[in-house]
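Undergrad: Pasting upload.pdb below, which is PDB, C-alpha atoms.
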```
ATOM      1  CA  MET A1209       4.450  -9.859 -19.654  1.00  0.00           C
ATOM      2  CA  ARG A1210       2.593  -6.913 -18.222  1.00  0.00           C
ATOM      3  CA  PHE A1211       1.452  -6.883 -14.609  1.00  0.00           C
ATOM      4  CA  SER A1212      -1.036  -4.734 -12.785  1.00  0.00           C
ATOM      5  CA  VAL A1213       0.488  -3.765  -9.439  1.00  0.00           C
ATOM      6  CA  GLN A1214      -1.219  -2.515  -6.309  1.00  0.00           C
ATOM      7  CA  VAL A1215       0.930  -1.453  -3.347  1.00  0.00           C
ATOM      8  CA  ASP A1216      -0.876  -0.815  -0.058  1.00  0.00           C
ATOM      9  CA  VAL A1217       1.338   1.161   2.298  1.00  0.00           C
ATOM     10  CA  SER A1218       0.610   1.405   6.011  1.00  0.00           C
ATOM     11  CA  LEU A1219       2.435   2.518   9.115  1.00  0.00           C
ATOM     12  CA  ARG A1220       4.181  -0.221  11.078  1.00  0.00           C
ATOM     13  CA  GLU A1221       2.530  -1.394  14.280  1.00  0.00           C
ATOM     14  CA  GLY A1222       3.499   0.906  17.149  1.00  0.00           C
ATOM     15  CA  VAL A1223       4.184   3.943  14.941  1.00  0.00           C
ATOM     16  CA  ALA A1224       2.003   6.916  15.871  1.00  0.00           C
ATOM     17  CA  ASP A1225      -0.680   7.763  13.307  1.00  0.00           C
ATOM     18  CA  PRO A1226      -1.779  11.344  14.053  1.00  0.00           C
ATOM     19  CA  GLN A1227      -3.989  11.511  10.958  1.00  0.00           C
ATOM     20  CA  GLY A1228      -5.810   8.325  11.975  1.00  0.00           C
ATOM     21  CA  ALA A1229      -6.172   9.613  15.547  1.00  0.00           C
ATOM     22  CA  THR A1230      -7.688  12.891  14.311  1.00  0.00           C
ATOM     23  CA  ILE A1231     -10.215  11.011  12.182  1.00  0.00           C
ATOM     24  CA  GLU A1232     -11.080   8.697  15.071  1.00  0.00           C
ATOM     25  CA  ARG A1233     -11.651  11.619  17.459  1.00  0.00           C
ATOM     26  CA  SER A1234     -13.888  13.370  14.902  1.00  0.00           C
ATOM     27  CA  LEU A1235     -16.176  10.438  14.104  1.00  0.00           C
ATOM     28  CA  PRO A1236     -18.356  10.558  17.263  1.00  0.00           C
ATOM     29  CA  HIS A1237     -19.097  14.250  16.594  1.00  0.00           C
ATOM     30  CA  LEU A1238     -20.432  13.203  13.181  1.00  0.00           C
ATOM     31  CA  GLY A1239     -22.643  10.474  14.661  1.00  0.00           C
ATOM     32  CA  PHE A1240     -20.320   7.525  14.059  1.00  0.00           C
ATOM     33  CA  ASP A1241     -19.928   5.971  17.509  1.00  0.00           C
ATOM     34  CA  GLY A1242     -17.992   2.779  18.174  1.00  0.00           C
ATOM     35  CA  VAL A1243     -15.319   3.223  15.482  1.00  0.00           C
ATOM     36  CA  THR A1244     -11.843   2.486  16.873  1.00  0.00           C
ATOM     37  CA  GLY A1245      -8.370   1.676  15.628  1.00  0.00           C
ATOM     38  CA  VAL A1246      -8.421   4.079  12.675  1.00  0.00           C
ATOM     39  CA  ARG A1247      -5.191   3.940  10.660  1.00  0.00           C
ATOM     40  CA  VAL A1248      -4.434   5.906   7.498  1.00  0.00           C
ATOM     41  CA  GLY A1249      -2.352   4.559   4.619  1.00  0.00           C
ATOM     42  CA  LYS A1250      -1.915   5.023   0.915  1.00  0.00           C
ATOM     43  CA  GLN A1251      -2.416   2.944  -2.196  1.00  0.00           C
ATOM     44  CA  ILE A1252      -0.178   3.110  -5.269  1.00  0.00           C
ATOM     45  CA  VAL A1253      -1.381   1.473  -8.503  1.00  0.00           C
ATOM     46  CA  PHE A1254       0.626   1.044 -11.718  1.00  0.00           C
ATOM     47  CA  GLU A1255       1.495  -1.386 -14.515  1.00  0.00           C
ATOM     48  CA  LEU A1256       4.883  -3.010 -14.988  1.00  0.00           C
ATOM     49  CA  ASP A1257       6.475  -4.941 -17.848  1.00  0.00           C
ATOM     50  CA  SER A1258       8.590  -7.858 -16.676  1.00  0.00           C
ATOM     51  CA  THR A1259       9.735 -11.293 -17.864  1.00  0.00           C
ATOM     52  CA  ASP A1260       7.702 -13.249 -15.281  1.00  0.00           C
ATOM     53  CA  GLU A1261       5.893 -12.875 -11.953  1.00  0.00           C
ATOM     54  CA  ASP A1262       8.969 -13.587  -9.813  1.00  0.00           C
ATOM     55  CA  ALA A1263      10.986 -10.900 -11.611  1.00  0.00           C
ATOM     56  CA  ALA A1264       8.085  -8.453 -11.354  1.00  0.00           C
ATOM     57  CA  ARG A1265       7.675  -9.094  -7.617  1.00  0.00           C
ATOM     58  CA  SER A1266      11.412  -8.645  -7.060  1.00  0.00           C
ATOM     59  CA  GLU A1267      11.394  -5.347  -8.958  1.00  0.00           C
ATOM     60  CA  VAL A1268       8.355  -4.057  -7.056  1.00  0.00           C
ATOM     61  CA  ASP A1269       9.885  -5.083  -3.708  1.00  0.00           C
ATOM     62  CA  ASP A1270      13.033  -3.127  -4.626  1.00  0.00           C
ATOM     63  CA  LEU A1271      10.935  -0.152  -5.754  1.00  0.00           C
ATOM     64  CA  CYS A1272       9.062  -0.181  -2.440  1.00  0.00           C
ATOM     65  CA  ALA A1273      12.231  -0.378  -0.366  1.00  0.00           C
ATOM     66  CA  ARG A1274      14.057   2.351  -2.298  1.00  0.00           C
ATOM     67  CA  PHE A1275      11.314   4.811  -3.236  1.00  0.00           C
ATOM     68  CA  LEU A1276       7.657   4.102  -2.462  1.00  0.00           C
ATOM     69  CA  THR A1277       7.920   3.519   1.289  1.00  0.00           C
ATOM     70  CA  ASN A1278       9.981   4.483   4.271  1.00  0.00           C
ATOM     71  CA  PRO A1279      10.913   0.970   5.455  1.00  0.00           C
ATOM     72  CA  VAL A1280      11.743   2.255   8.949  1.00  0.00           C
ATOM     73  CA  ILE A1281       8.117   3.233   9.679  1.00  0.00           C
ATOM     74  CA  GLU A1282       6.013   1.752   6.852  1.00  0.00           C
ATOM     75  CA  THR A1283       5.157  -1.666   5.470  1.00  0.00           C
ATOM     76  CA  ALA A1284       3.961  -2.504   1.969  1.00  0.00           C
ATOM     77  CA  ARG A1285       1.578  -5.217   0.834  1.00  0.00           C
ATOM     78  CA  VAL A1286       1.980  -5.940  -2.887  1.00  0.00           C
ATOM     79  CA  THR A1287      -0.669  -7.453  -5.142  1.00  0.00           C
ATOM     80  CA  LEU A1288       0.340  -8.483  -8.675  1.00  0.00           C
ATOM     81  CA  SER A1289      -1.941  -9.668 -11.474  1.00  0.00           C
ATOM     82  CA  ALA A1290      -1.073 -10.476 -15.055  1.00  0.00           C
ATOM     83  CA  VAL A1291      -2.777  -8.140 -17.532  1.00  0.00           C
ATOM     84  CA  GLU A1292      -4.679 -10.265 -20.055  1.00  0.00           C
ATOM     85  CA  GLY A1293      -3.627  -9.806 -23.667  1.00  0.00           C
ATOM     86  CA  ALA A1294      -0.520  -7.781 -22.790  1.00  0.00           C
ATOM     87  CA  SER A1295       2.896  -8.873 -23.990  1.00  0.00           C
ATOM     88  CA  ARG A1296       6.334  -7.347 -24.079  1.00  0.00           C
TER      89      ARG A1296
END
```
Give the structure from this file in structure tokens form.
TA:
Amino acid sequence: MRFSVQVDVSLREGVADPQGATIERSLPHLGFDGVTGVRVGKQIVFELDSTDEDAARSEVDDLCARFLTNPVIETARVTLSAVEGASR
């Protein structure tokens, strides 16, 4: 089976986000008042061939822990969807 994978990576709660802080400080100067709590993250999208959804999720979790994120300061939210018409 082929799966479409989306990994949303964000900084853990309590970890300083200087990029988010810079954006937040700049917004009032651009006329966007009242915006608070700006946090910056990244999104990684790819396709993965796997035997089933559980195996795919396990592989993506391992990929996140070993390569796509820094588990000390970042968290990952994974979304998997089967790709219609795709087979191994």
Undergrad: Please enumerate the residues selected by the PyMOL selection byres ((chain A and resi 1288-1293) around 8) when evaluated against the supplied file, formatted as a VMD selection string.
TA: chain A and resid 1209 to 1214 1261 1265 1286 to 1287 1294 to 1295
Undergrad: Could you spell out the hits of the PyMOL selection byres ((chain A and resi 1223-1232) around 8) on the shown file, as a list in words?
TA: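 Expected selection for the PyMOL selection byres ((chain A and resi 1223-1232) around 8) here is Leu1219, Arg1220, Glu1221, Gly1222, Arg1233, Ser1234, Leu1235, Pro1236, Val1243, Thr1244, Gly1245, Val1246, Arg1247, Val1248 and Ile1281 of chain A.
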Undergrad: Using the file's own x, y and z axes, what box holds all listed atoms of segment 1277-1293 of chain A with 8 Å on each side, keeping edges along x, y and z, and what are its centre and edge lengths in Å to one decimal, as AutoDock Vina command-line options?
TA:
```
--center_x 3.5 --center_y -3.0 --center_z -7.0 --size_x 32.4 --size_y 31.0 --size_z 49.3
```
Undergrad: Excluding Lys1250 of chain A and residues on its chain fewer than 4 positions from it, collect all residues at most 9 Å away from it, counting only C-alpha atoms, and give them as a compact mmCIF listing (two decimals) with C-alpha atoms, keeping the file's coordinate frame.
TA:
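Final output, saved to out.txt:
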```
# COMPACT_ATOMS: atom_id res chain seq x y z
CA VAL A 1215 0.93 -1.45 -3.35
CA ASP A 1216 -0.88 -0.82 -0.06
CA VAL A 1217 1.34 1.16 2.30
CA SER A 1218 0.61 1.40 6.01
```
Undergrad: To one decimal place in Å, what is the distance between atom CA of Ile1252 of chain A and atom CA of Ser1266 of chain A?
TA: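 It comes out at 16.6 Å.
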Undergrad: Report, in Å with one decimal, the straight-line distance from atom CA of Val1280 of chain A to atom CA of Ala1264 of chain A.
TA: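 Separating atom CA of Val1280 of chain A from atom CA of Ala1264 of chain A is a distance of 23.2 Å.
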Undergrad: In Å to one decimal, how far is atom CA of Cys1272 of chain A from atom CA of Ala1284 of chain A?
TA: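 Between these atoms lies a distance of 7.1 Å.
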